[in-house]
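Chemist: Take a look at target-v3.cif, mmCIF, C-alpha atoms (C1' of nucleotides):
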data_target
loop_
_atom_site.label_atom_id
_atom_site.label_comp_id
_atom_site.auth_asym_id
_atom_site.auth_seq_id
_atom_site.Cartn_x
_atom_site.Cartn_y
_atom_site.Cartn_z
CA MET A 237 12.73 134.52 94.07
CA GLY A 238 10.89 134.12 97.32
CA GLN A 239 7.87 136.02 96.03
CA LYS A 240 4.69 134.88 97.66
CA ASN A 241 2.80 135.00 94.42
CA ASN A 242 5.48 132.99 92.70
CA ASN A 243 4.31 129.88 91.00
CA LYS A 244 6.89 127.60 92.57
CA TYR A 245 6.47 129.06 96.02
CA ARG A 246 2.80 128.20 95.80
CA LYS A 247 3.55 124.70 94.60
CA ILE A 248 5.88 124.08 97.53
CA ILE A 249 3.34 125.29 100.08
CA SER A 250 0.68 123.15 98.52
CA ALA A 251 2.86 120.06 98.41
CA ALA A 252 4.07 120.65 101.95
CA THR A 253 0.51 120.87 103.20
CA LYS A 254 -0.14 117.37 102.01
CA VAL A 255 3.17 115.95 103.14
CA PHE A 256 3.07 117.50 106.61
CA ALA A 257 -0.53 116.36 107.03
CA LYS A 258 0.32 112.78 106.25
CA ASN A 259 2.82 112.00 108.97
CA GLY A 260 3.57 115.24 110.72
CA TYR A 261 6.41 117.69 110.40
CA TYR A 262 9.21 115.52 111.70
CA LYS A 263 8.52 112.55 109.50
CA ALA A 264 8.01 114.73 106.45
CA LYS A 265 11.01 114.61 104.13
CA VAL A 266 12.03 117.71 102.24
CA SER A 267 12.73 115.47 99.28
CA GLU A 268 9.15 114.23 99.35
CA ILE A 269 7.83 117.78 99.31
CA ALA A 270 10.08 118.51 96.37
CA LYS A 271 8.94 115.43 94.55
CA LYS A 272 5.27 116.21 95.11
CA ALA A 273 5.87 119.79 93.95
CA GLY A 274 7.59 118.50 90.85
CA ILE A 275 10.88 120.28 91.51
CA ALA A 276 14.38 119.40 92.64
CA ASP A 277 15.26 119.17 96.32
CA GLY A 278 17.61 122.09 96.12
CA THR A 279 15.00 124.36 94.59
CA ILE A 280 13.12 124.43 97.86
CA TYR A 281 16.09 126.22 99.37
CA LEU A 282 15.77 129.02 96.85
CA TYR A 283 12.38 129.81 98.38
CA PHE A 284 12.82 128.77 102.01
CA LYS A 285 15.82 128.99 104.29
CA HIS A 286 14.99 125.92 106.34
CA LYS A 287 12.48 123.16 106.58
CA ASP A 288 10.71 124.87 109.45
CA ASP A 289 10.33 128.03 107.40
CA ILE A 290 8.01 126.08 105.16
CA LEU A 291 5.84 125.19 108.12
CA ILE A 292 5.77 128.73 109.41
CA ALA A 293 4.92 130.13 105.98
CA LEU A 294 2.20 127.54 105.69
CA PHE A 295 0.75 128.54 109.05
CA GLU A 296 0.76 132.19 108.14
CA GLU A 297 -0.90 131.62 104.79
CA LYS A 298 -3.64 129.35 106.01
CA MET A 299 -4.36 131.24 109.17
CA LYS A 300 -4.64 134.50 107.30
CA GLU A 301 -7.11 132.93 104.94
CA VAL A 302 -9.12 131.41 107.76
CA LEU A 303 -9.08 134.61 109.75
CA ASP A 304 -10.12 136.84 106.86
CA ASN A 305 -12.87 134.48 105.88
CA MET A 306 -14.22 134.23 109.41
CA LYS A 307 -14.13 137.99 109.92
CA LYS A 308 -16.13 138.56 106.77
CA GLN A 309 -18.73 135.93 107.59
CA ILE A 310 -19.16 137.12 111.16
CA SER A 311 -19.67 140.68 110.08
CA LEU A 312 -22.73 139.63 108.07
CA GLU A 313 -24.51 138.94 111.34
CA SER A 314 -25.38 141.69 113.78
CA ASP A 315 -26.70 139.77 116.77
CA PRO A 316 -23.76 138.59 118.92
CA LEU A 317 -25.51 135.37 119.87
CA LYS A 318 -26.13 134.62 116.22
CA LYS A 319 -22.49 135.42 115.54
CA ILE A 320 -21.50 132.69 117.95
CA GLN A 321 -23.70 130.19 116.17
CA ARG A 322 -22.28 131.20 112.88
CA PHE A 323 -18.73 131.02 114.16
CA ALA A 324 -19.24 127.41 115.17
CA LEU A 325 -20.70 126.46 111.83
CA ILE A 326 -18.05 128.22 109.76
CA HIS A 327 -15.25 126.82 111.88
CA LEU A 328 -16.40 123.24 111.55
CA LYS A 329 -17.12 123.64 107.86
CA LEU A 330 -13.63 124.94 107.40
CA ILE A 331 -12.21 121.84 109.01
CA GLU A 332 -14.29 119.74 106.69
CA ASP A 333 -13.18 121.61 103.60
CA ASN A 334 -9.50 121.74 104.50
CA LYS A 335 -8.72 118.44 106.09
CA ASP A 336 -5.00 118.62 105.41
CA MET A 337 -4.74 122.07 106.85
CA ALA A 338 -6.84 121.04 109.81
CA GLU A 339 -4.56 118.11 110.57
CA ILE A 340 -1.54 120.33 110.47
CA ILE A 341 -3.06 122.95 112.70
CA GLN A 342 -4.33 120.33 115.12
CA VAL A 343 -1.00 118.59 115.44
CA GLU A 344 1.68 121.10 114.66
CA LEU A 345 0.13 124.11 116.33
CA ARG A 346 0.68 122.30 119.63
CA GLN A 347 4.12 121.29 118.68
CA SER A 348 5.06 124.69 117.38
CA SER A 349 5.94 126.19 120.72
CA LYS A 350 8.28 123.28 121.28
CA PHE A 351 10.32 123.35 118.15
CA MET A 352 10.11 127.01 117.28
CA LYS A 353 10.36 128.45 120.74
CA ASN A 354 10.21 131.99 119.47
CA TYR A 355 7.46 131.72 116.88
CA HIS A 356 4.30 133.31 118.20
CA ASN A 357 1.28 132.51 116.15
CA GLU A 358 -0.21 135.98 116.06
CA LYS A 359 -2.94 135.01 113.61
CA PHE A 360 -4.16 132.31 115.94
CA VAL A 361 -4.35 134.79 118.77
CA GLN A 362 -6.43 137.06 116.54
CA TYR A 363 -8.71 134.20 115.66
CA LEU A 364 -9.38 133.53 119.34
CA ASP A 365 -9.91 137.23 119.87
CA LEU A 366 -12.72 137.23 117.35
CA ILE A 367 -14.66 135.19 119.89
CA GLY A 368 -13.54 137.41 122.74
CA ASP A 369 -14.79 140.45 120.86
CA ILE A 370 -18.17 138.88 120.20
CA ILE A 371 -18.54 138.13 123.90
CA GLN A 372 -17.59 141.67 124.77
CA GLU A 373 -20.10 143.04 122.30
CA GLY A 374 -22.77 140.77 123.72
CA LYS A 375 -22.08 142.02 127.22
CA GLU A 376 -22.34 145.62 126.08
CA LYS A 377 -25.66 144.94 124.40
CA GLY A 378 -26.93 143.27 127.53
CA LEU A 379 -27.32 139.91 125.83
CA ILE A 380 -24.52 138.21 127.71
CA ARG A 381 -24.10 138.17 131.47
CA LYS A 382 -21.79 140.79 132.90
CA ASP A 383 -19.83 138.24 134.92
CA ILE A 384 -18.67 136.32 131.86
CA ILE A 385 -14.92 136.75 131.36
CA PRO A 386 -14.14 136.98 127.63
CA GLY A 387 -10.65 135.54 128.11
CA ILE A 388 -12.09 132.38 129.62
CA GLY A 389 -15.16 132.27 127.42
CA LYS A 390 -13.27 132.49 124.16
CA ARG A 391 -11.00 129.61 125.14
CA ALA A 392 -13.85 127.46 126.37
CA PHE A 393 -15.79 127.94 123.16
CA PHE A 394 -12.84 127.54 120.85
CA GLY A 395 -11.69 124.51 122.81
CA ALA A 396 -15.07 122.87 122.47
CA LEU A 397 -15.02 123.33 118.70
CA ASP A 398 -11.41 122.31 118.47
CA GLU A 399 -11.90 119.08 120.34
CA MET A 400 -14.75 118.22 118.02
CA SER A 401 -12.46 118.88 115.06
CA ARG A 402 -9.73 116.77 116.56
CA PHE A 403 -12.13 113.90 116.79
CA TRP A 404 -13.08 114.31 113.16
CA VAL A 405 -9.60 114.83 111.88
CA LEU A 406 -8.18 111.81 113.64
CA SER A 407 -11.02 109.38 113.21
CA LYS A 408 -12.28 107.99 109.97
CA ARG A 409 -15.98 107.92 110.68
CA ARG A 410 -18.04 111.00 111.30
CA LYS A 411 -20.64 110.22 113.92
CA TYR A 412 -22.42 113.58 113.94
CA ASP A 413 -22.93 115.88 111.02
CA ILE A 414 -21.45 119.32 111.02
CA GLU A 415 -24.66 121.24 111.40
CA THR A 416 -25.70 119.16 114.39
CA ALA A 417 -22.38 119.48 116.13
CA ALA A 418 -22.16 123.21 115.45
CA LYS A 419 -25.69 123.80 116.66
CA HIS A 420 -25.22 121.80 119.83
CA ILE A 421 -21.88 123.26 120.79
CA SER A 422 -22.93 126.84 120.15
CA ASN A 423 -26.20 126.32 121.98
CA TYR A 424 -24.56 124.90 125.10
CA PHE A 425 -22.33 127.88 125.11
CA ILE A 426 -24.99 130.48 124.38
CA ASP A 427 -27.36 129.09 126.98
CA GLY A 428 -24.44 129.07 129.37
CA ILE A 429 -23.50 132.70 128.99
CA LYS A 430 -26.63 134.59 127.97
CA SER A 431 -28.43 136.97 130.31
CA MET B 223 14.10 93.04 133.61
CA GLY B 224 11.30 95.14 132.29
CA GLN B 225 9.34 94.97 135.53
CA LYS B 226 7.13 97.97 136.00
CA ASN B 227 7.98 98.23 139.67
CA ASN B 228 11.64 98.07 138.89
CA ASN B 229 13.71 100.86 140.25
CA LYS B 230 15.45 101.66 136.99
CA TYR B 231 12.31 101.41 134.93
CA ARG B 232 10.80 104.07 137.19
CA LYS B 233 13.87 106.24 136.89
CA ILE B 234 13.72 106.13 133.11
CA ILE B 235 10.04 107.06 133.01
CA SER B 236 10.63 109.89 135.37
CA ALA B 237 13.63 111.21 133.46
CA ALA B 238 11.81 110.84 130.15
CA THR B 239 8.88 112.85 131.45
CA LYS B 240 11.15 115.79 132.02
CA VAL B 241 13.12 115.41 128.82
CA PHE B 242 10.07 114.95 126.58
CA ALA B 243 8.36 117.89 128.23
CA LYS B 244 11.26 120.20 127.56
CA ASN B 245 11.43 120.07 123.78
CA GLY B 246 9.03 117.40 122.68
CA TYR B 247 9.54 113.79 121.69
CA TYR B 248 11.49 114.32 118.50
CA LYS B 249 14.06 116.64 119.98
CA ALA B 250 14.50 114.49 123.05
CA LYS B 251 17.70 112.47 122.95
CA VAL B 252 17.78 109.01 124.39
CA SER B 253 21.21 109.81 125.74
CA GLU B 254 19.80 112.76 127.64
CA ILE B 255 17.14 110.59 129.23
CA ALA B 256 19.85 108.13 130.23
CA LYS B 257 21.99 110.89 131.66
CA LYS B 258 19.11 112.33 133.66
CA ALA B 259 18.24 108.87 134.93
CA GLY B 260 21.85 108.32 135.94
CA ILE B 261 22.34 105.24 133.80
CA ALA B 262 24.13 104.28 130.59
CA ASP B 263 22.48 104.78 127.22
CA GLY B 264 22.36 101.07 126.54
CA THR B 265 20.59 100.32 129.79
CA ILE B 266 17.45 101.98 128.48
CA TYR B 267 17.25 99.25 125.86
CA LEU B 268 17.10 96.60 128.56
CA TYR B 269 13.79 98.12 129.67
CA PHE B 270 12.37 99.50 126.43
CA LYS B 271 12.57 98.20 122.89
CA HIS B 272 12.49 101.59 121.19
CA LYS B 273 12.39 105.24 121.98
CA ASP B 274 8.69 105.42 121.27
CA ASP B 275 8.03 102.61 123.73
CA ILE B 276 9.13 104.98 126.44
CA LEU B 277 6.56 107.52 125.35
CA ILE B 278 3.80 104.94 125.16
CA ALA B 279 4.67 103.52 128.58
CA LEU B 280 4.69 107.03 129.91
CA PHE B 281 1.25 107.73 128.48
CA GLU B 282 -0.16 104.57 129.93
CA GLU B 283 1.26 105.22 133.38
CA LYS B 284 0.19 108.80 133.65
CA MET B 285 -3.21 108.31 132.10
CA LYS B 286 -3.97 105.42 134.39
CA GLU B 287 -3.08 107.54 137.37
CA VAL B 288 -5.16 110.47 136.14
CA LEU B 289 -8.09 108.25 135.29
CA ASP B 290 -8.11 106.39 138.60
CA ASN B 291 -7.80 109.60 140.54
CA MET B 292 -10.62 111.27 138.65
CA LYS B 293 -12.90 108.25 139.01
CA LYS B 294 -12.41 108.22 142.74
CA GLN B 295 -13.00 111.94 143.17
CA ILE B 296 -16.08 111.95 140.97
CA SER B 297 -17.64 109.10 142.88
CA LEU B 298 -17.59 111.17 146.06
CA GLU B 299 -20.25 113.39 144.54
CA SER B 300 -23.74 112.12 143.81
CA ASP B 301 -25.30 115.05 141.96
CA PRO B 302 -24.32 114.86 138.27
CA LEU B 303 -24.15 118.63 137.94
CA LYS B 304 -21.84 118.81 140.93
CA LYS B 305 -19.77 116.05 139.36
CA ILE B 306 -19.22 118.25 136.33
CA GLN B 307 -18.04 121.09 138.51
CA ARG B 308 -15.73 118.81 140.35
CA PHE B 309 -14.40 117.32 137.14
CA ALA B 310 -13.36 120.76 135.94
CA LEU B 311 -11.62 121.60 139.16
CA ILE B 312 -9.78 118.30 139.46
CA HIS B 313 -8.73 118.39 135.83
CA LEU B 314 -7.24 121.85 136.02
CA LYS B 315 -5.58 121.13 139.36
CA LEU B 316 -4.02 118.09 137.82
CA ILE B 317 -2.52 120.18 135.07
CA GLU B 318 -1.14 122.53 137.66
CA ASP B 319 0.39 119.76 139.73
CA ASN B 320 1.86 117.86 136.81
CA LYS B 321 3.12 120.45 134.42
CA ASP B 322 5.58 118.14 132.69
CA MET B 323 2.97 115.51 132.16
CA ALA B 324 0.50 118.10 130.99
CA GLU B 325 2.92 119.41 128.40
CA ILE B 326 3.52 115.95 127.08
CA ILE B 327 -0.14 115.10 126.88
CA GLN B 328 -0.96 118.44 125.27
CA VAL B 329 1.69 118.13 122.61
CA GLU B 330 2.36 114.46 122.07
CA LEU B 331 -1.19 113.22 122.39
CA ARG B 332 -1.95 115.10 119.19
CA GLN B 333 1.15 113.86 117.57
CA SER B 334 0.65 110.31 118.69
CA SER B 335 -1.73 109.33 115.94
CA LYS B 336 0.83 110.57 113.45
CA PHE B 337 3.90 108.73 114.56
CA MET B 338 2.34 105.68 116.13
CA LYS B 339 -0.43 105.10 113.67
CA ASN B 340 -1.67 102.03 115.47
CA TYR B 341 -1.48 103.18 119.07
CA HIS B 342 -4.95 103.89 120.37
CA ASN B 343 -4.99 105.72 123.61
CA GLU B 344 -7.65 103.69 125.35
CA LYS B 345 -7.18 105.44 128.66
CA PHE B 346 -7.87 108.78 127.07
CA VAL B 347 -11.08 107.45 125.58
CA GLN B 348 -12.09 106.27 129.03
CA TYR B 349 -11.31 109.64 130.49
CA LEU B 350 -13.62 111.31 127.98
CA ASP B 351 -16.24 108.70 128.71
CA LEU B 352 -16.29 109.68 132.36
CA ILE B 353 -17.86 112.93 131.18
CA GLY B 354 -20.18 111.13 128.81
CA ASP B 355 -21.39 108.92 131.66
CA ILE B 356 -22.06 111.89 133.90
CA ILE B 357 -24.15 113.48 131.19
CA GLN B 358 -26.06 110.26 130.69
CA GLU B 359 -26.70 109.98 134.39
CA GLY B 360 -27.90 113.57 134.48
CA LYS B 361 -30.33 112.92 131.68
CA GLU B 362 -31.72 109.89 133.48
CA LYS B 363 -32.22 111.87 136.64
CA GLY B 364 -33.98 114.60 134.69
CA LEU B 365 -31.33 117.18 135.51
CA ILE B 366 -29.99 117.44 132.00
CA ARG B 367 -32.05 118.05 128.88
CA LYS B 368 -33.02 114.98 126.92
CA ASP B 369 -31.76 116.41 123.64
CA ILE B 370 -28.16 116.71 124.84
CA ILE B 371 -25.95 114.24 122.99
CA PRO B 372 -23.33 112.82 125.38
CA GLY B 373 -20.85 112.24 122.56
CA ILE B 374 -20.88 115.91 121.64
CA GLY B 375 -21.22 117.18 125.19
CA LYS B 376 -18.25 115.28 126.52
CA ARG B 377 -16.01 116.61 123.77
CA ALA B 378 -17.24 120.15 124.14
CA PHE B 379 -16.63 120.13 127.86
CA PHE B 380 -13.30 118.38 127.71
CA GLY B 381 -12.20 120.65 124.87
CA ALA B 382 -13.05 123.73 126.87
CA LEU B 383 -10.94 122.53 129.79
CA ASP B 384 -8.18 121.36 127.52
CA GLU B 385 -7.87 124.66 125.71
CA MET B 386 -7.59 126.40 129.05
CA SER B 387 -4.80 124.01 130.00
CA ARG B 388 -3.04 124.57 126.74
CA PHE B 389 -3.01 128.25 127.43
CA TRP B 390 -1.51 127.67 130.85
CA VAL B 391 0.98 125.09 129.78
CA LEU B 392 2.32 127.14 126.92
CA SER B 393 2.29 130.57 128.50
CA LYS B 394 4.32 131.66 131.44
CA ARG B 395 1.80 133.86 133.19
CA ARG B 396 -1.43 132.62 134.62
CA LYS B 397 -4.10 135.24 134.12
CA TYR B 398 -6.96 133.47 135.87
CA ASP B 399 -6.68 131.25 138.91
CA ILE B 400 -7.68 127.64 138.71
CA GLU B 401 -10.80 127.90 140.84
CA THR B 402 -12.13 130.79 138.76
CA ALA B 403 -11.46 129.08 135.46
CA ALA B 404 -12.94 125.78 136.64
CA LYS B 405 -16.02 127.49 138.03
CA HIS B 406 -16.64 129.53 134.90
CA ILE B 407 -16.10 126.72 132.43
CA SER B 408 -18.24 124.25 134.32
CA ASN B 409 -20.95 126.83 134.85
CA TYR B 410 -21.20 127.75 131.16
CA PHE B 411 -21.53 124.13 130.42
CA ILE B 412 -24.00 123.29 133.17
CA ASP B 413 -26.23 126.25 132.36
CA GLY B 414 -26.03 125.22 128.75
CA ILE B 415 -27.21 121.66 129.22
CA LYS B 416 -29.39 121.59 132.33
CA SER B 417 -33.15 121.13 132.14
"C1'" DT C 270 21.80 135.70 67.94
"C1'" DA C 271 25.14 135.87 71.64
"C1'" DA C 272 26.30 137.03 76.11
"C1'" DA C 273 24.90 137.62 80.84
"C1'" DA C 274 21.99 136.82 84.58
"C1'" DA C 275 18.74 134.15 87.00
"C1'" DA C 276 16.73 129.75 88.24
"C1'" DA C 277 16.95 125.13 88.81
"C1'" DT C 278 19.22 120.73 89.40
"C1'" DG C 279 20.53 116.62 92.19
"C1'" DA C 280 24.61 114.20 93.71
"C1'" DA C 281 27.62 114.73 97.53
"C1'" DT C 282 28.35 116.26 102.22
"C1'" DG C 283 28.20 116.26 106.98
"C1'" DA C 284 25.87 116.15 111.12
"C1'" DT C 285 22.92 113.80 114.04
"C1'" DT C 286 21.46 109.93 116.99
"C1'" DA C 287 18.90 105.57 117.80
"C1'" DT C 288 20.46 101.22 118.55
"C1'" DT C 289 23.80 97.34 119.14
"C1'" DC C 290 27.03 94.41 121.30
"C1'" DA C 291 31.56 93.00 123.08
"C1'" DT C 292 33.02 93.72 127.49
"C1'" DA C 293 32.70 94.70 132.46
"C1'" DT C 294 30.65 94.65 136.95
"C1'" DG C 295 28.21 92.89 140.87
"C1'" DA C 296 25.42 89.63 143.58
"C1'" DG C 297 24.28 85.26 145.08
"C1'" DA C 298 25.41 80.18 145.31
"C1'" DA C 299 28.39 76.56 146.57
"C1'" DT D 239 37.03 82.21 147.28
"C1'" DT D 240 35.42 81.00 142.73
"C1'" DC D 241 31.88 80.24 139.48
"C1'" DT D 242 27.55 81.75 137.22
"C1'" DC D 243 24.06 84.48 135.82
"C1'" DA D 244 21.91 88.77 135.47
"C1'" DT D 245 22.60 93.41 134.86
"C1'" DA D 246 24.90 97.38 133.14
"C1'" DT D 247 28.20 99.89 130.29
"C1'" DG D 248 29.41 103.15 126.52
"C1'" DA D 249 32.15 103.22 122.35
"C1'" DA D 250 31.19 101.94 117.74
"C1'" DT D 251 27.84 101.36 114.09
"C1'" DA D 252 24.83 102.45 110.58
"C1'" DA D 253 21.09 104.71 108.74
"C1'" DT D 254 18.80 108.92 107.91
"C1'" DC D 255 18.13 113.43 105.84
"C1'" DA D 256 18.59 118.52 105.75
"C1'" DT D 257 21.40 121.38 103.37
"C1'" DT D 258 25.02 122.83 100.03
"C1'" DC D 259 27.09 123.99 95.75
"C1'" DA D 260 29.36 122.98 91.28
"C1'" DT D 261 27.06 122.45 87.16
"C1'" DT D 262 23.28 122.89 83.81
"C1'" DT D 263 19.23 124.97 81.91
"C1'" DT D 264 16.29 128.78 81.05
"C1'" DT D 265 15.28 133.52 80.59
"C1'" DT D 266 16.43 138.20 79.78
"C1'" DT D 267 19.04 141.74 77.71
"C1'" DA D 268 21.36 144.13 74.13
#
Since I need it in another form, could you write the structure as structure tokens?
Modeler:
Amino acid sequence: MGQKNNNKYRKIISAATKVFAKNGYYKAKVSEIAKKAGIADGTIYLYFKHKDDILIALFEEKMKEVLDNMKKQISLESDPLKKIQRFALIHLKLIEDNKDMAEIIQVELRQSSKFMKNYHNEKFVQYLDLIGDIIQEGKEKGLIRKDIIPGIGKRAFFGALDEMSRFWVLSKRRKYDIETAAKHISNYFIDGIKS
Amino acid sequence: MGQKNNNKYRKIISAATKVFAKNGYYKAKVSEIAKKAGIADGTIYLYFKHKDDILIALFEEKMKEVLDNMKKQISLESDPLKKIQRFALIHLKLIEDNKDMAEIIQVELRQSSKFMKNYHNEKFVQYLDLIGDIIQEGKEKGLIRKDIIPGIGKRAFFGALDEMSRFWVLSKRRKYDIETAAKHISNYFIDGIKS
DNA sequence: TAAAAAAATGAATGATTATTCATATGAGAA
DNA sequence: TTCTCATATGAATAATCATTCATTTTTTTA
């Protein structure tokens, strides 16, 4: 038991994604996850020690997927400024294609430091660092101004995308389409930091 | 009872700010708020109907303060581009000066749509709109490009600042000082949208 | 096929806490 | 001082769920 490729493990993660997304971690009932996964309540505890282990496992899974996917896509582009554009588009598309996951990351990522004081979301840090690395590369190639600080730049850019996602995740209507939003946000940023 | 200028009402809000900030809304115990406010548990229910009313009242109070303060400060500047710079600085200073409040807004604002499905944070919308209005003004004065969409711009800029705050609120060490971060973030943005 | 091991079940447990309310306290009026 | 009303108290209540574990079902082994 407890194997990550186990059928039931997968079912629990998948059910939990939906249940956590609906009302947040605290309002999510373990029994509802079990029900949605089509198993008994107790079975969950054969695969996870505690309720919060489900959330952590879920984070790890999804973030790894997101991170691997983004890395691959970014590597297809060689121009750092183009990489930034692509990052924006991929990120927002990801939100669109994984609404449940996006809701959880939006809401619970913030909460995570509160209720799991010791859990450090390493994958999230790496995701941010992808942007930092692009900025660094751009500086080295002379495409980005030398005075740009990657640590600030990566947060500013990620934050801009993230706030746009938050708006989408939490509101019903989509006012701007993904391509437009991605293009605008990456262009503000690129024009703001390029040489 | 229930008067907003009431002594005990104030004490409860103030105690709740600290208690919510420490471990988040769900882990906060009403009895701990009461204890910190120096009153009996039951007294809280003379001023608030439910636990979540405390959080909503707290939001309203703090956001009103923040909003009024920002409005006043922004109005001292006439150049829209300077207003953006000032917005960044004031916003980050505010986070610095109100760490407890900042933690609550960072964490619970996200959560709020989950556990109070009907509560719409009007003051937050207005805060975002301050940025939207500045952008609009800049476009009218020919200082900002005509193709900039205020609805995207305001979210991008706020998101950039907000992600920087998140980093500060959740980490112990401050790597960049406020003035530097504010200057950089507002400059990326200004260079990205100016004519 | 029978025995043993592994997985799964779900009713019962036990801990947690928001909320209530019978009672007490204090302040102003007469 | 005594009565009244508003305010405050905090022990008791009652509902909620995560977690456990004795029992059952399924799978593997021989």
Chemist: Quick one: of A:Gln347, A:Thr279, A:Asn259, A:Asn334, who's nearest to chain C, counting all atoms listed in the file?
Modeler: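 Answer, going by the shortest atom-to-atom distance: A:Thr279.
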Chemist: Using only C-alpha atoms for the distances, tell me which of A:Ala417, A:Leu345, A:Ile248, A:Leu312 is nearest to Pro372 of chain B.
Modeler: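 Closest to Pro372 of chain B, using only C-alpha atoms: A:Ala417.
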Chemist: So what does the PyMOL selection byres ((chain B) within 8 of (chain C)) actually pick up in this one, as a list in words?
Modeler: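 Checking the PyMOL selection byres ((chain B) within 8 of (chain C)) against this file, the residues are Lys251, Val252 and Lys273 of chain B.
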Chemist: Would you kindly report the residues of chain D within 9 Å of chain B, using all atoms listed in the file, as a ChimeraX atom specification?
Modeler: /D:245-248
Chemist: Which of these, B:Asp275, B:Asp413, B:Asp369, B:Glu325, has the shortest distance to chain A once you count only C-alpha atoms?
Modeler: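 Counting only C-alpha atoms, the residue closest to chain A is B:Asp413.
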Chemist: As a short mmCIF file (atom, residue, chain, number, x, y, z; two decimals) with C-alpha atoms, in the frame of the given file, could you give me every residue of chain B near chain A (at most 10 Å apart, counting all atoms listed in the file)?
Modeler:
data_model
loop_
_atom_site.label_atom_id
_atom_site.label_comp_id
_atom_site.auth_asym_id
_atom_site.auth_seq_id
_atom_site.Cartn_x
_atom_site.Cartn_y
_atom_site.Cartn_z
CA ALA B 243 8.36 117.89 128.23
CA LYS B 244 11.26 120.20 127.56
CA ASN B 245 11.43 120.07 123.78
CA GLY B 246 9.03 117.40 122.68
CA TYR B 247 9.54 113.79 121.69
CA TYR B 248 11.49 114.32 118.50
CA LYS B 249 14.06 116.64 119.98
CA GLU B 325 2.92 119.41 128.40
CA ILE B 326 3.52 115.95 127.08
CA GLN B 328 -0.96 118.44 125.27
CA VAL B 329 1.69 118.13 122.61
CA GLU B 330 2.36 114.46 122.07
CA LEU B 331 -1.19 113.22 122.39
CA ARG B 332 -1.95 115.10 119.19
CA GLN B 333 1.15 113.86 117.57
CA SER B 334 0.65 110.31 118.69
CA SER B 335 -1.73 109.33 115.94
CA LYS B 336 0.83 110.57 113.45
CA PHE B 337 3.90 108.73 114.56
CA MET B 338 2.34 105.68 116.13
CA LYS B 339 -0.43 105.10 113.67
CA ASP B 369 -31.76 116.41 123.64
CA ILE B 370 -28.16 116.71 124.84
CA ILE B 371 -25.95 114.24 122.99
CA GLY B 373 -20.85 112.24 122.56
CA ILE B 374 -20.88 115.91 121.64
CA GLY B 375 -21.22 117.18 125.19
CA LYS B 376 -18.25 115.28 126.52
CA ARG B 377 -16.01 116.61 123.77
CA ALA B 378 -17.24 120.15 124.14
CA PHE B 379 -16.63 120.13 127.86
CA PHE B 380 -13.30 118.38 127.71
CA GLY B 381 -12.20 120.65 124.87
CA ALA B 382 -13.05 123.73 126.87
CA LEU B 383 -10.94 122.53 129.79
CA ASP B 384 -8.18 121.36 127.52
CA GLU B 385 -7.87 124.66 125.71
CA MET B 386 -7.59 126.40 129.05
CA SER B 387 -4.80 124.01 130.00
CA ARG B 388 -3.04 124.57 126.74
CA PHE B 389 -3.01 128.25 127.43
CA LEU B 392 2.32 127.14 126.92
CA SER B 393 2.29 130.57 128.50
CA LYS B 397 -4.10 135.24 134.12
CA TYR B 398 -6.96 133.47 135.87
CA THR B 402 -12.13 130.79 138.76
CA ALA B 403 -11.46 129.08 135.46
CA ALA B 404 -12.94 125.78 136.64
CA HIS B 406 -16.64 129.53 134.90
CA ILE B 407 -16.10 126.72 132.43
CA SER B 408 -18.24 124.25 134.32
CA ASN B 409 -20.95 126.83 134.85
CA TYR B 410 -21.20 127.75 131.16
CA PHE B 411 -21.53 124.13 130.42
CA ILE B 412 -24.00 123.29 133.17
CA ASP B 413 -26.23 126.25 132.36
CA GLY B 414 -26.03 125.22 128.75
CA ILE B 415 -27.21 121.66 129.22
CA LYS B 416 -29.39 121.59 132.33
#
Chemist: Could you jot down the atom C1' of DC259 of chain D to atom CA of Ala270 of chain A separation for me, Å, one decimal place?
Modeler: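 Those two atoms sit 17.9 Å apart.
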Chemist: Report the distance between atom CA of Lys359 of chain A and atom CA of Phe295 of chain A in Å, rounded to one decimal place.
Modeler: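 Computing the Euclidean distance for atom CA of Lys359 of chain A and atom CA of Phe295 of chain A yields 8.7 Å.
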Chemist: Might you pull out every residue within 10 Å of Lys300 of chain A, with all atoms listed in the file counted and same-chain residues fewer than 5 positions away left off, and present them as an NGL selection string?
Modeler: :A and (294-295 or 305-306 or 358-360 or 362-363)
Chemist: When you count only C-alpha atoms (C1' of nucleotides), which of these residues is closest to Ser267 of chain A: D:DC255, D:DA260, D:DA268, D:DA250?
Modeler: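 Using only C-alpha atoms (C1' of nucleotides), the shortest distance to Ser267 of chain A belongs to D:DC255.
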Chemist: So how many Å separate atom CA of Gln309 of chain A and atom CA of Glu376 of chain A, to one decimal?
Modeler: 21.2 Å
